[in-house]
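These notes are about the structure you will find just below.
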Amino acid sequence: MSKDERFPGWHGTTIVAVRKAGRVVVAGDGQVSLGQTVIKGGARKVRRIEPGGHPVVCGFAGSTADAFTLLERLETKLEAAPGQLARAAVDLAKDWRTDKYLRNLEAMLIVTDGRDLLVITGAGDVLEPEHDVTAIGSGGNFALAAARALYDSDLDAEAIARRAMAIAAEICVYTNTSLTVESLG
């Protein structure tokens, strides 16, 4: 029996972020699954932090413990460089890629301060979306496609994010409709 058969791993995250008309909305579902079993339906995978009085919204996918470790590190980076999300994100990505402990963490982050909208990965990437929409997690591609299709409609950022999450939940078995939504701007 392989390791993957003994411990199938945690699944079940979809996070989408939409920037439109000066507002950025990050929405995440609440489902956590272990193999084929839903363990929890109301997890909060989108959080607001305010290091140095500068609000930042973070959404995470992957291992929860790993994501919290990264959120704490990001908060420390933001305290050292208040109001400079891009700089803090690059510093975190450098540490994540080079630190012996951190490079084993399995998570991804979407972060925004209302101006910048970034995806941070363990491969050392800090990515800014080209189309003011980004998504991560098991249902991320479904939510991304839906949000991009809805972007040019009359819907505002929050309505787009909510509808994109609903579409992802209809398609991805690891995504539910119990949402946490945070916005800036």
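Residue numbering restarts at 1 in every chain; chains get A, B, ... in the order shown in the structure tokens, and ligands count up from 1 in that same order.
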
Considering only strand (DSSP E or B) as DSSP defines it on the backbone, what residues of chain A qualify? List them as an NGL selection string. :A and (10-11 or 14-20 or 23-28 or 32-34 or 37-40 or 46-49 or 56-62 or 107-112 or 117-120 or 126-127 or 133-137 or 180-184)

Find the residues around segment 163-174 of chain A up to 12 Å (only C-alpha atoms counted), leave out those fewer than 3 positions away in its own chain, and share them as a PyMOL selection string. chain A and resi 10-18+25-41+61+133-151+153+155-160+177-181

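Distance check against Thr121 of chain A using only C-alpha atoms: of A:Gly62, A:Pro55, A:Gly185, A:Gly42, the minimum falls on A:Gly62.
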
Surrounding residues of segment 80-83 of chain A excluding itself and chain neighbours under 6 positions, 10 Å, only C-alpha atoms, as a list in words: Glu50, Pro51, Gly52, Gly53, His54, Pro55, Val56, Leu74 and Asp113 of chain A

Mind dumping the selected residues with C-alpha atoms as a PDB file, in the first residue's frame?
ATOM      1  CA  GLU A  50      -3.865  44.428   9.260  1.00  0.00           C
ATOM      2  CA  PRO A  51      -0.115  44.574   9.921  1.00  0.00           C
ATOM      3  CA  GLY A  52       0.889  48.126  10.700  1.00  0.00           C
ATOM      4  CA  GLY A  53      -2.683  49.288  10.141  1.00  0.00           C
ATOM      5  CA  HIS A  54      -2.604  48.386   6.431  1.00  0.00           C
ATOM      6  CA  PRO A  55      -5.413  45.942   5.556  1.00  0.00           C
ATOM      7  CA  VAL A  56      -4.578  42.899   3.430  1.00  0.00           C
ATOM      8  CA  LEU A  74       3.676  37.271   5.284  1.00  0.00           C
ATOM      9  CA  ASP A 113      -4.100  45.219  -0.415  1.00  0.00           C
TER      10      ASP A 113
END

Gap from atom CA of Glu75 of chain A to atom CA of Phe60 of chain A - Å, one decimal: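 Separation between atom CA of Glu75 of chain A and atom CA of Phe60 of chain A: 14.0 Å.
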
If we count only C-alpha atoms and set the cut-off at 8 Å, which residues sit around Lys77 of chain A, ignoring sequence neighbours fewer than 6 positions away in its own chain? Please answer as number ranges by chain. A: 88-89, 91-92

What are the DSSP alpha helix (DSSP H) residues of segment 117-179 of chain A, as JSON, numbers by chain? {"A": [140, 141, 142, 143, 144, 145, 146, 147, 148, 149, 150, 157, 158, 159, 160, 161, 162, 163, 164, 165, 166, 167, 168, 169, 170, 171]}

Store the residues of this selection in a file with N, CA and C atoms, as a PDB file, in the first residue's frame.
ATOM      1  N   GLY A 140     -10.200  25.930  -8.683  1.00  0.00           N
ATOM      2  CA  GLY A 140      -9.720  27.234  -9.141  1.00  0.00           C
ATOM      3  C   GLY A 140      -9.896  27.496 -10.623  1.00  0.00           C
ATOM      4  N   ASN A 141      -9.617  26.489 -11.454  1.00  0.00           N
ATOM      5  CA  ASN A 141      -9.755  26.705 -12.896  1.00  0.00           C
ATOM      6  C   ASN A 141     -11.208  26.920 -13.301  1.00  0.00           C
ATOM      7  N   PHE A 142     -12.142  26.247 -12.605  1.00  0.00           N
ATOM      8  CA  PHE A 142     -13.563  26.446 -12.902  1.00  0.00           C
ATOM      9  C   PHE A 142     -13.985  27.857 -12.512  1.00  0.00           C
ATOM     10  N   ALA A 143     -13.582  28.286 -11.324  1.00  0.00           N
ATOM     11  CA  ALA A 143     -13.930  29.627 -10.847  1.00  0.00           C
ATOM     12  C   ALA A 143     -13.280  30.704 -11.713  1.00  0.00           C
ATOM     13  N   LEU A 144     -12.025  30.464 -12.115  1.00  0.00           N
ATOM     14  CA  LEU A 144     -11.320  31.427 -12.963  1.00  0.00           C
ATOM     15  C   LEU A 144     -12.040  31.595 -14.295  1.00  0.00           C
ATOM     16  N   ALA A 145     -12.377  30.492 -14.937  1.00  0.00           N
ATOM     17  CA  ALA A 145     -13.064  30.565 -16.226  1.00  0.00           C
ATOM     18  C   ALA A 145     -14.405  31.278 -16.089  1.00  0.00           C
ATOM     19  N   ALA A 146     -15.157  30.960 -15.043  1.00  0.00           N
ATOM     20  CA  ALA A 146     -16.461  31.590 -14.840  1.00  0.00           C
ATOM     21  C   ALA A 146     -16.307  33.092 -14.590  1.00  0.00           C
ATOM     22  N   ALA A 147     -15.363  33.469 -13.740  1.00  0.00           N
ATOM     23  CA  ALA A 147     -15.169  34.888 -13.423  1.00  0.00           C
ATOM     24  C   ALA A 147     -14.725  35.670 -14.652  1.00  0.00           C
ATOM     25  N   ARG A 148     -13.835  35.088 -15.443  1.00  0.00           N
ATOM     26  CA  ARG A 148     -13.400  35.784 -16.663  1.00  0.00           C
ATOM     27  C   ARG A 148     -14.547  35.939 -17.646  1.00  0.00           C
ATOM     28  N   ALA A 149     -15.413  34.934 -17.736  1.00  0.00           N
ATOM     29  CA  ALA A 149     -16.564  35.025 -18.639  1.00  0.00           C
ATOM     30  C   ALA A 149     -17.555  36.092 -18.171  1.00  0.00           C
ATOM     31  N   LEU A 150     -17.689  36.267 -16.860  1.00  0.00           N
ATOM     32  CA  LEU A 150     -18.639  37.227 -16.296  1.00  0.00           C
ATOM     33  C   LEU A 150     -18.068  38.643 -16.184  1.00  0.00           C
ATOM     34  N   ALA A 157     -17.637  43.363  -8.700  1.00  0.00           N
ATOM     35  CA  ALA A 157     -16.610  42.377  -8.333  1.00  0.00           C
ATOM     36  C   ALA A 157     -17.158  41.300  -7.403  1.00  0.00           C
ATOM     37  N   GLU A 158     -17.936  41.694  -6.404  1.00  0.00           N
ATOM     38  CA  GLU A 158     -18.463  40.695  -5.469  1.00  0.00           C
ATOM     39  C   GLU A 158     -19.454  39.757  -6.135  1.00  0.00           C
ATOM     40  N   ALA A 159     -20.327  40.285  -6.956  1.00  0.00           N
ATOM     41  CA  ALA A 159     -21.310  39.441  -7.645  1.00  0.00           C
ATOM     42  C   ALA A 159     -20.606  38.457  -8.588  1.00  0.00           C
ATOM     43  N   ILE A 160     -19.556  38.918  -9.259  1.00  0.00           N
ATOM     44  CA  ILE A 160     -18.784  38.031 -10.141  1.00  0.00           C
ATOM     45  C   ILE A 160     -18.142  36.917  -9.319  1.00  0.00           C
ATOM     46  N   ALA A 161     -17.497  37.277  -8.214  1.00  0.00           N
ATOM     47  CA  ALA A 161     -16.833  36.278  -7.375  1.00  0.00           C
ATOM     48  C   ALA A 161     -17.833  35.262  -6.834  1.00  0.00           C
ATOM     49  N   ARG A 162     -18.961  35.731  -6.352  1.00  0.00           N
ATOM     50  CA  ARG A 162     -19.980  34.820  -5.805  1.00  0.00           C
ATOM     51  C   ARG A 162     -20.533  33.887  -6.883  1.00  0.00           C
ATOM     52  N   ARG A 163     -20.810  34.420  -8.061  1.00  0.00           N
ATOM     53  CA  ARG A 163     -21.345  33.593  -9.140  1.00  0.00           C
ATOM     54  C   ARG A 163     -20.293  32.593  -9.620  1.00  0.00           C
ATOM     55  N   ALA A 164     -19.045  33.026  -9.730  1.00  0.00           N
ATOM     56  CA  ALA A 164     -17.962  32.130 -10.146  1.00  0.00           C
ATOM     57  C   ALA A 164     -17.793  30.987  -9.157  1.00  0.00           C
ATOM     58  N   MET A 165     -17.910  31.287  -7.867  1.00  0.00           N
ATOM     59  CA  MET A 165     -17.807  30.239  -6.846  1.00  0.00           C
ATOM     60  C   MET A 165     -18.991  29.273  -6.940  1.00  0.00           C
ATOM     61  N   ALA A 166     -20.164  29.785  -7.228  1.00  0.00           N
ATOM     62  CA  ALA A 166     -21.342  28.919  -7.369  1.00  0.00           C
ATOM     63  C   ALA A 166     -21.162  27.974  -8.557  1.00  0.00           C
ATOM     64  N   ILE A 167     -20.628  28.484  -9.641  1.00  0.00           N
ATOM     65  CA  ILE A 167     -20.382  27.644 -10.818  1.00  0.00           C
ATOM     66  C   ILE A 167     -19.330  26.589 -10.495  1.00  0.00           C
ATOM     67  N   ALA A 168     -18.250  26.988  -9.837  1.00  0.00           N
ATOM     68  CA  ALA A 168     -17.203  26.024  -9.458  1.00  0.00           C
ATOM     69  C   ALA A 168     -17.783  24.927  -8.561  1.00  0.00           C
ATOM     70  N   ALA A 169     -18.647  25.308  -7.625  1.00  0.00           N
ATOM     71  CA  ALA A 169     -19.241  24.327  -6.705  1.00  0.00           C
ATOM     72  C   ALA A 169     -20.148  23.338  -7.433  1.00  0.00           C
ATOM     73  N   GLU A 170     -20.735  23.758  -8.552  1.00  0.00           N
ATOM     74  CA  GLU A 170     -21.571  22.852  -9.344  1.00  0.00           C
ATOM     75  C   GLU A 170     -20.733  21.822 -10.099  1.00  0.00           C
ATOM     76  N   ILE A 171     -19.449  22.126 -10.322  1.00  0.00           N
ATOM     77  CA  ILE A 171     -18.591  21.270 -11.142  1.00  0.00           C
ATOM     78  C   ILE A 171     -17.588  20.474 -10.307  1.00  0.00           C
TER      79      ILE A 171
END

Which residue, A:Arg23, A:Arg115, A:His131, A:Arg97, has the smallest gap to Leu70 of chain A when you use only C-alpha atoms?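 Looking at the shortest contact to Leu70 of chain A, the residue is A:Arg97.
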
Do you have the atom CA of Gly124 of chain A-atom CA of Lys20 of chain A distance handy?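 That distance, rounded to one decimal, is 27.0 Å.
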
Distance in Å - atom CA of Asp66 of chain A versus atom CA of Ile49 of chain A: 17.0 Å

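Shortest separation to Val24 of chain A among A:Ala86, A:Leu118, A:Leu127, A:Leu78 occurs at residue A:Leu118, atoms counted being only C-alpha atoms.
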
For a quick check of understanding, using only C-alpha atoms, which of A:Leu117, A:Met108, A:Ala67, A:Ala93 has the smallest distance to Asp132 of chain A? A:Leu117
